[in-house]
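Q: Here you go, protein37.cif (mmCIF, C-alpha atoms and all ligand atoms):
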```
data_target
loop_
_atom_site.label_atom_id
_atom_site.label_comp_id
_atom_site.auth_asym_id
_atom_site.auth_seq_id
_atom_site.Cartn_x
_atom_site.Cartn_y
_atom_site.Cartn_z
CA MET R 1 5.74 53.38 -153.61
CA SER R 2 8.78 53.71 -151.39
CA GLY R 3 7.20 55.85 -148.69
CA PHE R 4 6.92 59.58 -148.09
CA ALA R 5 8.54 61.28 -151.03
CA TYR R 6 9.78 64.40 -149.25
CA SER R 7 11.97 63.13 -146.43
CA ASN R 8 14.67 65.40 -147.89
CA LEU R 9 12.56 68.23 -146.44
CA PHE R 10 12.70 66.98 -142.84
CA ALA R 11 14.11 69.53 -140.40
CA ARG R 12 17.71 69.10 -139.33
CA ASN R 13 18.62 67.67 -135.90
CA LEU R 14 15.41 65.67 -135.47
CA PRO R 15 15.38 63.11 -132.66
CA ALA R 16 15.67 59.45 -133.70
CA PRO R 17 12.49 58.26 -135.46
CA ALA R 18 10.02 56.23 -133.38
CA ALA R 19 9.87 52.46 -133.73
CA ARG R 20 6.44 51.20 -134.75
CA PHE R 21 4.47 49.84 -131.78
CA GLY R 22 4.66 46.07 -131.80
CA GLY R 23 2.49 45.28 -128.75
CA TYR R 24 3.57 44.52 -125.20
CA PRO R 25 5.55 41.46 -124.11
CA LYS R 26 4.13 38.94 -121.65
CA TYR R 27 6.39 40.00 -118.78
CA ASN R 28 6.22 43.76 -119.13
CA PHE R 29 8.38 45.26 -116.40
CA ILE R 30 9.10 48.58 -118.13
CA GLY R 31 7.69 52.08 -117.98
CA GLY R 32 5.28 53.48 -115.44
CA HIS R 33 2.22 51.35 -116.11
CA ASN R 34 -0.39 50.85 -113.43
CA ASP R 35 -2.32 47.89 -112.02
CA PRO R 36 -5.18 47.14 -114.46
CA THR R 37 -7.27 45.49 -111.74
CA LEU R 38 -7.34 48.75 -109.80
CA ILE R 39 -8.68 51.09 -112.43
CA PRO R 40 -11.95 52.07 -110.68
CA ILE R 41 -14.12 51.43 -113.71
CA GLU R 42 -17.53 51.65 -112.01
CA GLY R 43 -16.48 54.74 -110.09
CA LEU R 44 -15.22 56.41 -113.25
CA ILE R 45 -18.44 55.56 -115.11
CA ALA R 46 -20.49 57.15 -112.32
CA ALA R 47 -18.16 60.16 -112.20
CA ALA R 48 -18.30 60.61 -115.99
CA THR R 49 -22.11 60.44 -115.96
CA SER R 50 -22.37 62.94 -113.17
CA ALA R 51 -19.73 65.30 -114.62
CA LEU R 52 -21.29 65.24 -118.09
CA LYS R 53 -24.76 65.94 -116.69
CA LYS R 54 -23.43 68.86 -114.66
CA GLU R 55 -20.98 70.40 -117.10
CA GLY R 56 -21.12 68.54 -120.43
CA SER R 57 -22.43 71.50 -122.43
CA LYS R 58 -19.26 73.45 -121.56
CA LEU R 59 -17.29 71.07 -123.79
CA ALA R 60 -18.58 73.19 -126.69
CA MET R 61 -15.93 75.74 -125.73
CA TYR R 62 -12.13 75.41 -125.78
CA THR R 63 -10.91 74.72 -122.21
CA ALA R 64 -14.64 74.46 -121.31
CA ALA R 65 -14.44 78.24 -120.89
CA GLN R 66 -12.23 77.84 -117.81
CA GLY R 67 -9.05 79.39 -119.20
CA SER R 68 -5.57 78.12 -119.90
CA GLN R 69 -4.76 76.76 -116.45
CA GLY R 70 -7.26 73.91 -116.63
CA HIS R 71 -10.60 72.81 -115.20
CA LEU R 72 -11.36 74.65 -112.01
CA GLY R 73 -12.83 71.57 -110.30
CA LEU R 74 -9.63 69.62 -110.93
CA ARG R 75 -7.51 72.54 -109.74
CA GLU R 76 -9.65 72.63 -106.57
CA PHE R 77 -8.87 68.96 -106.08
CA VAL R 78 -5.12 69.44 -106.73
CA LYS R 79 -5.20 72.27 -104.19
CA SER R 80 -6.67 69.96 -101.53
CA LYS R 81 -4.31 67.11 -102.47
CA ALA R 82 -1.31 69.48 -102.29
CA LYS R 83 -2.30 70.25 -98.68
CA ILE R 84 -1.44 66.64 -97.82
CA ARG R 85 2.09 67.49 -99.01
CA GLY R 86 2.12 70.60 -96.82
CA ILE R 87 1.51 72.95 -99.76
CA ASP R 88 -0.84 75.82 -99.13
CA CYS R 89 -1.67 77.19 -102.56
CA SER R 90 -4.60 78.61 -104.50
CA THR R 91 -6.15 77.34 -107.72
CA ASP R 92 -4.37 80.27 -109.44
CA ASP R 93 -1.02 78.63 -108.63
CA ILE R 94 -1.95 75.40 -110.46
CA LEU R 95 -1.55 74.52 -114.14
CA ILE R 96 -3.09 71.28 -115.42
CA THR R 97 -0.91 69.62 -118.06
CA ALA R 98 -1.03 66.63 -120.42
CA GLY R 99 0.77 64.38 -117.93
CA SER R 100 3.58 65.73 -115.79
CA GLY R 101 5.82 65.01 -118.79
CA GLN R 102 4.33 68.08 -120.45
CA ALA R 103 5.04 70.11 -117.32
CA ILE R 104 8.70 69.03 -117.63
CA ASP R 105 8.71 70.08 -121.29
CA LEU R 106 7.17 73.47 -120.52
CA ILE R 107 9.56 74.21 -117.65
CA ASN R 108 12.47 73.25 -119.89
CA ALA R 109 11.08 75.39 -122.71
CA VAL R 110 10.97 78.42 -120.41
CA LEU R 111 14.30 77.93 -118.67
CA LEU R 112 16.68 76.12 -120.98
CA GLU R 113 18.71 76.85 -124.05
CA PRO R 114 21.08 74.43 -125.79
CA GLY R 115 24.35 74.20 -123.87
CA ASP R 116 22.80 75.13 -120.51
CA THR R 117 23.78 73.09 -117.46
CA VAL R 118 21.32 71.35 -115.14
CA ILE R 119 21.91 69.17 -112.08
CA LEU R 120 20.08 65.86 -111.78
CA GLU R 121 20.24 63.02 -109.29
CA GLU R 122 22.77 60.47 -110.62
CA PHE R 123 19.94 58.01 -111.22
CA SER R 124 16.81 59.76 -112.41
CA TYR R 125 13.72 59.61 -114.60
CA GLY R 126 14.87 58.34 -118.01
CA GLY R 127 12.36 60.56 -119.84
CA ALA R 128 13.82 63.68 -118.23
CA ILE R 129 17.41 62.60 -118.97
CA SER R 130 16.75 61.75 -122.61
CA LYS R 131 14.90 65.01 -123.31
CA LEU R 132 17.76 67.06 -121.86
CA LYS R 133 20.36 65.13 -123.84
CA ARG R 134 18.32 65.54 -127.00
CA GLU R 135 18.03 69.30 -126.52
CA GLY R 136 21.78 69.65 -125.98
CA GLN R 137 21.82 70.48 -122.27
CA LYS R 138 24.73 69.46 -120.08
CA ILE R 139 23.72 67.22 -117.19
CA VAL R 140 25.77 67.15 -114.01
CA ALA R 141 25.03 64.09 -111.87
CA ALA R 142 24.60 64.59 -108.11
CA PRO R 143 25.38 61.41 -106.13
CA LEU R 144 22.57 59.70 -104.24
CA ASP R 145 22.44 57.66 -101.07
CA GLU R 146 19.45 55.97 -99.48
CA GLU R 147 18.08 59.39 -98.41
CA GLY R 148 18.33 61.13 -101.77
CA ILE R 149 20.83 63.73 -103.04
CA ARG R 150 24.02 63.88 -100.95
CA ILE R 151 24.24 67.49 -99.84
CA ASP R 152 28.02 67.47 -99.34
CA ALA R 153 28.50 66.29 -102.91
CA LEU R 154 25.93 68.76 -104.24
CA ALA R 155 27.62 71.66 -102.45
CA ASN R 156 30.92 70.65 -104.08
CA ILE R 157 29.31 70.48 -107.50
CA LEU R 158 27.76 73.92 -107.08
CA LYS R 159 31.04 75.37 -105.86
CA ASP R 160 32.96 73.77 -108.70
CA LEU R 161 30.49 75.02 -111.34
CA LYS R 162 30.56 78.51 -109.86
CA GLY R 163 34.36 78.43 -110.02
CA LYS R 164 34.06 77.70 -113.74
CA GLY R 165 31.56 80.53 -114.21
CA ILE R 166 28.68 78.11 -114.85
CA ALA R 167 25.25 78.88 -113.37
CA PRO R 168 23.11 75.72 -113.50
CA LYS R 169 19.50 76.39 -114.50
CA TYR R 170 17.96 74.04 -111.94
CA ILE R 171 18.40 71.07 -109.64
CA TYR R 172 15.87 68.43 -110.68
CA THR R 173 14.97 66.18 -107.78
CA ILE R 174 12.40 63.47 -107.09
CA PRO R 175 12.52 63.65 -103.29
CA THR R 176 9.42 61.61 -102.44
CA ILE R 177 9.70 58.08 -103.87
CA GLN R 178 12.69 58.73 -106.05
CA ASN R 179 12.64 57.23 -109.54
CA PRO R 180 14.29 54.75 -109.80
CA THR R 181 15.51 54.13 -106.22
CA GLY R 182 12.20 54.57 -104.35
CA SER R 183 13.79 56.56 -101.49
CA ILE R 184 12.22 59.37 -99.46
CA MET R 185 14.35 62.40 -98.62
CA PRO R 186 14.12 63.22 -94.91
CA LEU R 187 13.07 66.67 -93.72
CA ASP R 188 16.51 67.88 -92.66
CA ARG R 189 17.95 66.93 -96.03
CA ARG R 190 15.16 68.83 -97.82
CA GLN R 191 15.99 71.88 -95.72
CA GLN R 192 19.72 71.55 -96.45
CA LEU R 193 19.02 71.09 -100.16
CA LEU R 194 16.94 74.25 -100.24
CA LYS R 195 19.57 76.14 -98.27
CA VAL R 196 22.49 75.21 -100.51
CA ALA R 197 20.46 75.72 -103.71
CA THR R 198 19.29 79.20 -102.69
CA GLU R 199 22.80 80.10 -101.50
CA TYR R 200 23.98 79.49 -105.07
CA GLY R 201 20.85 81.02 -106.64
CA VAL R 202 19.75 77.78 -108.34
CA PRO R 203 16.02 76.90 -108.46
CA ILE R 204 14.81 73.48 -107.34
CA PHE R 205 12.62 71.57 -109.76
CA GLU R 206 10.68 69.15 -107.56
CA ASP R 207 8.94 66.17 -109.21
CA GLU R 208 6.48 64.32 -106.97
CA CYS R 209 5.16 61.84 -109.51
CA TYR R 210 4.89 58.96 -107.01
CA ALA R 211 4.27 60.79 -103.73
CA ASP R 212 0.69 59.46 -103.34
CA LEU R 213 1.89 55.86 -103.32
CA ILE R 214 3.72 55.40 -100.02
CA TRP R 215 3.19 52.36 -97.87
CA GLY R 216 3.77 50.89 -94.46
CA GLY R 217 2.42 53.87 -92.52
CA THR R 218 5.41 55.96 -93.66
CA VAL R 219 4.62 59.66 -93.80
CA ALA R 220 6.81 61.66 -96.16
CA PRO R 221 8.09 65.06 -95.02
CA PRO R 222 6.40 68.05 -96.67
CA ALA R 223 7.17 68.87 -100.29
CA ILE R 224 10.14 71.20 -100.76
CA TYR R 225 7.80 73.63 -102.54
CA SER R 226 5.91 74.07 -99.25
CA MET R 227 9.08 75.45 -97.68
CA ASP R 228 9.86 78.07 -100.30
CA ARG R 229 7.52 79.01 -103.12
CA ASP R 230 9.95 81.48 -104.70
CA HIS R 231 12.84 79.11 -105.30
CA VAL R 232 10.98 75.88 -106.12
CA VAL R 233 8.70 74.67 -108.89
CA HIS R 234 6.62 71.58 -108.15
CA ILE R 235 5.04 69.00 -110.47
CA GLY R 236 2.81 65.97 -109.91
CA SER R 237 0.86 63.44 -111.93
CA PHE R 238 -2.35 61.44 -112.05
CA SER R 239 -0.61 58.73 -114.10
CA LYS R 240 0.61 56.62 -111.20
CA THR R 241 -2.16 57.57 -108.79
CA LEU R 242 -4.96 56.76 -111.22
CA ALA R 243 -4.09 55.96 -114.85
CA PRO R 244 -1.28 56.95 -117.23
CA ALA R 245 -3.51 56.77 -120.31
CA LEU R 246 -5.53 59.74 -119.00
CA ARG R 247 -2.57 62.07 -119.62
CA LEU R 248 -3.14 64.37 -116.68
CA GLY R 249 -0.52 66.05 -114.56
CA TYR R 250 -0.01 69.42 -112.94
CA CYS R 251 2.47 72.08 -112.01
CA ILE R 252 2.35 74.34 -108.97
CA ALA R 253 4.39 77.46 -109.56
CA ASP R 254 4.63 81.17 -109.27
CA TRP R 255 2.71 83.12 -111.94
CA LYS R 256 5.88 84.65 -113.38
CA LEU R 257 7.06 81.17 -114.38
CA MET R 258 3.63 79.72 -115.07
CA SER R 259 2.55 82.51 -117.40
CA GLN R 260 5.64 81.81 -119.52
CA MET R 261 4.88 78.08 -119.46
CA ILE R 262 1.37 78.76 -120.73
CA GLY R 263 2.88 80.95 -123.43
CA CYS R 264 5.02 78.01 -124.59
CA ARG R 265 2.02 75.68 -124.80
CA SER R 266 0.48 75.04 -128.19
CA ASP R 267 -2.14 72.33 -127.53
CA SER R 268 -5.11 74.52 -126.50
CA GLY R 269 -5.20 72.90 -123.06
CA SER R 270 -5.52 69.33 -121.74
CA GLY R 271 -8.67 67.33 -122.51
CA VAL R 272 -11.39 68.70 -120.25
CA LEU R 273 -13.56 65.57 -120.16
CA GLU R 274 -10.74 63.69 -118.39
CA GLN R 275 -10.25 66.60 -116.03
CA MET R 276 -13.95 66.72 -115.14
CA VAL R 277 -14.11 62.98 -114.53
CA VAL R 278 -10.99 62.86 -112.35
CA ALA R 279 -12.16 65.90 -110.36
CA GLU R 280 -15.55 64.27 -109.78
CA TYR R 281 -14.11 60.85 -108.90
CA PHE R 282 -11.21 61.93 -106.71
CA SER R 283 -13.15 64.59 -104.82
CA GLN R 284 -14.98 61.64 -103.23
CA HIS R 285 -12.68 58.63 -103.49
CA PHE R 286 -9.06 59.78 -103.38
CA GLY R 287 -8.10 58.41 -99.95
CA ASP R 288 -9.79 55.02 -100.46
CA HIS R 289 -8.30 54.64 -103.92
CA VAL R 290 -4.69 55.41 -103.04
CA ASP R 291 -4.87 53.26 -99.88
CA GLU R 292 -6.08 50.24 -101.85
CA LEU R 293 -3.64 50.85 -104.70
CA SER R 294 -0.65 51.32 -102.38
CA GLU R 295 -1.48 48.14 -100.45
CA THR R 296 -1.78 46.12 -103.65
CA LEU R 297 1.48 47.53 -105.00
CA LYS R 298 3.27 46.66 -101.76
CA GLY R 299 2.03 43.06 -102.13
CA LYS R 300 3.41 42.93 -105.67
CA LEU R 301 6.74 44.40 -104.56
CA ASP R 302 7.04 41.68 -101.90
CA THR R 303 6.31 39.05 -104.55
CA MET R 304 9.00 40.51 -106.81
CA VAL R 305 11.60 40.71 -104.04
CA GLU R 306 10.86 37.08 -103.02
CA ALA R 307 11.13 35.95 -106.65
CA LEU R 308 14.42 37.80 -107.14
CA GLU R 309 15.88 36.35 -103.96
CA ARG R 310 14.76 32.87 -104.99
CA GLU R 311 15.99 33.12 -108.58
CA PHE R 312 19.09 35.31 -108.24
CA GLY R 313 20.10 34.65 -104.62
CA THR R 314 22.95 36.88 -103.52
CA ALA R 315 23.64 37.94 -107.13
CA VAL R 316 21.03 40.69 -106.84
CA GLU R 317 21.17 43.79 -104.63
CA PRO R 318 17.77 45.51 -104.57
CA TRP R 319 17.15 49.03 -103.18
CA THR R 320 13.94 48.43 -101.34
CA PRO R 321 11.55 51.25 -102.29
CA LYS R 322 9.29 52.99 -99.75
CA GLY R 323 6.45 53.25 -102.26
CA GLY R 324 5.75 53.58 -105.96
CA ILE R 325 5.90 50.99 -108.69
CA PHE R 326 9.60 50.25 -109.32
CA LEU R 327 12.37 48.09 -107.96
CA TRP R 328 15.90 49.30 -108.74
CA MET R 329 18.65 46.73 -108.40
CA LYS R 330 22.21 45.81 -109.15
CA LEU R 331 23.62 42.59 -110.56
CA PRO R 332 27.32 41.68 -110.30
CA ASP R 333 29.75 43.98 -112.15
CA GLU R 334 30.40 41.36 -114.84
CA VAL R 335 26.80 41.71 -116.07
CA ASP R 336 26.38 44.24 -118.86
CA ILE R 337 22.65 44.79 -118.72
CA MET R 338 22.44 46.35 -122.19
CA LYS R 339 23.54 42.98 -123.58
CA LEU R 340 20.61 41.30 -121.81
CA VAL R 341 17.88 43.52 -123.27
CA GLN R 342 17.50 41.68 -126.58
CA PRO R 343 17.75 38.10 -125.24
CA ALA R 344 15.25 39.05 -122.51
CA ALA R 345 12.90 40.55 -125.10
CA ALA R 346 13.14 37.32 -127.12
CA ALA R 347 11.93 35.50 -123.98
CA GLY R 348 9.00 37.92 -123.59
CA ILE R 349 10.57 40.09 -120.90
CA ALA R 350 10.86 43.87 -121.05
CA LEU R 351 13.11 45.61 -118.52
CA ASN R 352 14.57 49.08 -118.14
CA PRO R 353 18.36 48.89 -118.32
CA GLY R 354 20.16 51.03 -115.73
CA PRO R 355 22.16 53.14 -118.21
CA GLU R 356 18.91 54.68 -119.47
CA TRP R 357 18.06 55.75 -115.91
CA ALA R 358 21.48 57.17 -115.14
CA CYS R 359 22.98 60.54 -116.04
CA GLU R 360 26.31 58.85 -116.64
CA GLY R 361 25.50 55.51 -118.20
CA ALA R 362 28.72 53.71 -117.35
CA ASP R 363 27.96 53.90 -113.61
CA SER R 364 24.95 51.70 -114.02
CA LYS R 365 26.13 49.06 -116.46
CA SER R 366 24.93 46.27 -114.15
CA ARG R 367 21.78 47.95 -112.85
CA LEU R 368 18.19 47.58 -113.95
CA ARG R 369 14.72 48.76 -113.01
CA LEU R 370 11.66 46.54 -112.96
CA CYS R 371 8.09 47.86 -112.70
CA PHE R 372 5.91 45.55 -110.62
CA ALA R 373 2.56 47.35 -111.06
CA LEU R 374 1.24 46.02 -114.35
CA THR R 375 1.93 42.30 -114.19
CA SER R 376 0.06 39.86 -111.91
CA LYS R 377 1.89 38.18 -109.03
CA GLU R 378 2.04 34.99 -111.07
CA GLU R 379 3.55 36.83 -114.04
CA ILE R 380 6.06 38.47 -111.70
CA ARG R 381 7.19 35.03 -110.41
CA GLU R 382 7.36 33.54 -113.90
CA GLY R 383 8.98 36.62 -115.47
CA VAL R 384 11.70 36.85 -112.83
CA ALA R 385 12.43 33.12 -113.21
CA GLU R 386 12.69 33.60 -116.97
CA LEU R 387 14.97 36.60 -116.49
CA ALA R 388 17.28 34.54 -114.26
CA ARG R 389 17.34 31.82 -116.92
CA VAL R 390 18.22 34.31 -119.69
CA CYS R 391 20.80 36.06 -117.51
CA HIS R 392 22.45 32.73 -116.66
CA GLU R 393 22.47 31.68 -120.30
CA GLN R 394 24.14 34.95 -121.34
CA THR R 395 26.50 35.59 -118.41
CA GLY R 396 26.72 32.50 -116.20
CA ILE R 397 24.97 34.53 -113.44
CA PRO R 398 23.15 33.60 -111.25
CA VAL R 399 25.07 30.45 -110.43
CA ARG R 400 22.25 29.15 -108.21
CA SER R 401 18.48 29.60 -108.38
CA GLY R 402 16.02 28.36 -105.77
CA ASN R 403 18.90 26.65 -103.97
CA VAL R 404 19.73 24.65 -107.06
CA THR R 405 22.99 25.03 -108.99
CA ARG R 406 22.20 25.85 -112.62
C1 LIG X 1 9.59 60.98 -112.12
C2 LIG X 1 8.64 61.09 -113.27
N1 LIG X 1 8.21 62.31 -113.63
C3 LIG X 1 7.36 62.47 -114.64
C4 LIG X 1 6.91 61.39 -115.37
C5 LIG X 1 5.97 61.64 -116.51
O1 LIG X 1 4.75 60.99 -116.31
P1 LIG X 1 3.37 61.50 -116.87
O2 LIG X 1 3.63 62.38 -118.04
O3 LIG X 1 2.62 60.28 -117.23
O4 LIG X 1 2.72 62.27 -115.74
C6 LIG X 1 7.33 60.10 -115.04
C7 LIG X 1 6.87 58.93 -115.79
O5 LIG X 1 7.18 57.79 -115.55
C8 LIG X 1 8.23 59.96 -113.95
O6 LIG X 1 8.68 58.75 -113.56
#
```
Written as structure tokens, that's how I'd like the structure from this file.
A:
Amino acid sequence: MSGFAYSNLFARNLPAPAARFGGYPKYNFIGGHNDPTLIPIEGLIAAATSALKKEGSKLAMYTAAQGSQGHLGLREFVKSKAKIRGIDCSTDDILITAGSGQAIDLINAVLLEPGDTVILEEFSYGGAISKLKREGQKIVAAPLDEEGIRIDALANILKDLKGKGIAPKYIYTIPTIQNPTGSIMPLDRRQQLLKVATEYGVPIFEDECYADLIWGGTVAPPAIYSMDRDHVVHIGSFSKTLAPALRLGYCIADWKLMSQMIGCRSDSGSGVLEQMVVAEYFSQHFGDHVDELSETLKGKLDTMVEALEREFGTAVEPWTPKGGIFLWMKLPDEVDIMKLVQPAAAAGIALNPGPEWACEGADSKSRLRLCFALTSKEEIREGVAELARVCHEQTGIPVRSGNVTR
């Protein structure tokens, strides 16, 4: 046999086929994985037992007879969690999705056609960028500084597009713990962003995937959605706050948009058992859990920064994040990070190369993103040392590691 006999019947314009999963490398610094030691196993067992005793029989019905927006208990929890972000909404404004990735897909399905233009932060979530490129949308990159989108630059982009008769479909922003930079947009910048976007009649698509994981007593300004429900759509996730394998996220939006999103959905709703368990667990333990998780993540970030400084010295410029699970950094211009991916993989290291997290790849040739959540502190130290060794072997950089010339 030579495999499926009818590949001549495959639809045209399919995305590239998936590679078969080959397991994870030892030093896995990619993706948005979480800390395995902080999955609250006992708490989830107790929550599952309690939820199943209370509501298990409802699983006999699609959506557990709670309709297309998701489990009411989980929507109640999202409503209370949204309050922390300044959002005053009702359970009717919330749609539970299969991860916030599905919320992105549904919003895109409702708003976008091939050839449409969208504005993204110059460095942004790779999954969002790749989906847009695949679907044939034009991405315009808005420059970032350490406080998020630069409003002067955004205003110029909007003016320029308007001059060309182009109406962008949305401005996608990750204002609270930006991915990949880890910055938090201050309040006045959020207000300016909203002002300029509404002036030009462009909706804001706000992604708060990492907003629960802020450390050092920093309090983020309210979500942009809280300032204007008519011009903003808001999404969040349980992946980083609890566990990505659960596949639970949510969208908070006006019914006009949400009803169309539900119409585009074809999966008969997200798994209700997960929703019941998370609702039960987080209604009692949310604050304790995110405090412990954030503190642990901060400790791992410090370990990674120390290791990078020791191994790469002044050759690395990290953007210190204010929360989350990623460290975004730049190596000297001579380093082409795409050329390091394979040699690093051969040494058991997985990293996210900057060009995959940038709207315009060339701007980030020497940048990379490392996730510090999954690996232990020891693996972080070893993995960063290995990365410096591979990088030196391939590029001659870093010249010194741990005060020793290589
Ligand atoms: C900014 C951002 N939004 C959305 C997602 C999608 O995550 P999930 O579908 O697991 O909620 C990710 C994943 O890493 C992300 O970084």
Q: At a cut-off of 12 Å, using all atoms listed in the file, what residues contact Leu59 (chain R)? Leave out same-chain residues fewer than 2 positions from it and give the result as a ChimeraX atom specification.
A: /R:51-57,61-66,71,271-276
Q: Go through R:Glu206, R:Asp267, R:Asp333, R:Glu317 and flag the residue nearest Leu120 (chain R), using all atoms listed in the file for the distances.
A: R:Glu206
Q: Give me the residues of chain R that have any atom at most 7 Å from an atom of ligand LIG 1 (chain X); for each, the nearest atom pair and the distance in Å, rounded to one decimal. Use all atoms listed in the file, sort by chain and number, and format it as CSV.
A:
```
residue,atom,partner,partner_atom,distance
R:Gly31,CA,X:LIG1,O5,6.2
R:Gly32,CA,X:LIG1,O5,4.7
R:Ala98,CA,X:LIG1,O2,6.7
R:Gly99,CA,X:LIG1,O2,3.5
R:Ser100,CA,X:LIG1,O4,3.6
R:Gly101,CA,X:LIG1,O2,3.5
R:Gln102,CA,X:LIG1,O2,6.2
R:Tyr125,CA,X:LIG1,C1,5.0
R:Gly127,CA,X:LIG1,C6,7.0
R:Ile174,CA,X:LIG1,C1,6.3
R:Asn179,CA,X:LIG1,C1,5.5
R:Asp207,CA,X:LIG1,N1,5.9
R:Glu208,CA,X:LIG1,C1,6.9
R:Cys209,CA,X:LIG1,N1,5.1
R:Gly236,CA,X:LIG1,O4,6.9
R:Ser237,CA,X:LIG1,O4,4.4
R:Phe238,CA,X:LIG1,O4,6.3
R:Ser239,CA,X:LIG1,O3,4.8
R:Pro244,CA,X:LIG1,O3,5.1
R:Arg247,CA,X:LIG1,O3,6.0
R:Leu248,CA,X:LIG1,O4,6.3
R:Gly249,CA,X:LIG1,O4,5.1
```
Q: Between CA of Ser226 (chain R) and CA of Gln69 (chain R), what is the distance, to one decimal in Å?
A: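 Separation of CA of Ser226 (chain R) and CA of Gln69 (chain R): 20.4 Å.
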Q: In Å, how far is it from CA of Glu379 (chain R) to CA of Pro25 (chain R)?
A: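 Taking CA of Glu379 (chain R) and CA of Pro25 (chain R), their separation equals 11.3 Å.
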Q: Have a look at R:Glu311, R:Glu76, R:Asp35, R:Asp93 and name the one nearest to Val278 (chain R); count all atoms listed in the file.
A: R:Glu76
Q: Hey, which of R:Glu386, R:Asp188, R:Asp116, R:Asp302 ends up closest to Tyr170 (chain R)? Count all atoms listed in the file.
A: R:Asp116
Q: Would you list the contacts of Ser294 (chain R) as a PyMOL selection string, taking every protein, DNA or RNA residue within 7 Å and counting only C-alpha atoms, but skipping same-chain residues closer than 4 positions in sequence?
A: chain R and resi 213-215+290+298
Q: Could you jot down the CA of Lys365 (chain R) to CA of Glu309 (chain R) separation for me, Å, one decimal place?
A: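 Interatomic distance here is 20.6 Å.
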Q: With distances taken over all atoms listed in the file, which residue among R:Ser283, R:Gln260, R:Ser130, R:Ser124 lies nearest Leu95 (chain R)?
A: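 Smallest distance to Leu95 (chain R) is found for R:Gln260.
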Q: Using only C-alpha atoms for the distances, tell me which of R:Gln178, R:Lys330, R:Arg367, R:Pro221 is nearest to Val316 (chain R).
A: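 Between R:Gln178, R:Lys330, R:Arg367, R:Pro221, the residue approaching Val316 (chain R) most closely is R:Lys330.
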Q: As a ChimeraX atom specification, please: the residues near Arg75 (chain R) (cut-off 8 Å, all atoms listed in the file, same-chain neighbours under 2 positions excluded).
A: /R:70-73,77-79,91,94-96
Q: I need the residue nearest Glu306 (chain R) from this list: R:Glu382, R:Asp336, R:Glu360, R:Asp288. Use all atoms listed in the file for the distance.
A: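 Among the listed residues, the smallest separation from Glu306 (chain R) belongs to R:Glu382.
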Q: Compile the contact shell of Lys133 (chain R) as a compact mmCIF listing (two decimals) with C-alpha atoms, in the frame of the given file: residues with an atom at most 10 Å away, counting only C-alpha atoms, same-chain residues fewer than 5 positions apart removed.
A:
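Result file follows (result_12.txt):
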```txt
# COMPACT_ATOMS: atom_id res chain seq x y z
CA PRO R 114 21.08 74.43 -125.79
CA GLY R 115 24.35 74.20 -123.87
CA ALA R 128 13.82 63.68 -118.23
CA LYS R 138 24.73 69.46 -120.08
CA ILE R 139 23.72 67.22 -117.19
CA CYS R 359 22.98 60.54 -116.04
```
Q: Counting all atoms listed in the file, note down every residue that has an atom within 7 Å of the point (22.2, 66.1, -109.3) (file coordinates), as a ChimeraX atom specification.
A: /R:119-122,140-143,149,154,171-172
Q: Determine, counting all atoms listed in the file, every residue of protein, DNA or RNA that lies within 12 Å of (18.3, 77.5, -119.7) in the file coordinates, then give the result as a PyMOL selection string.
A: chain R and resi 106-119+132+135-139+166-171+202-203
Q: Neighbouring residues of Thr181 (chain R) were defined as those with any atom within 8 Å, considering only C-alpha atoms; residues of the same chain fewer than 5 positions away were excluded. Please report them as an NGL selection string.
A: :R and (123 or 319-321 or 326-328)
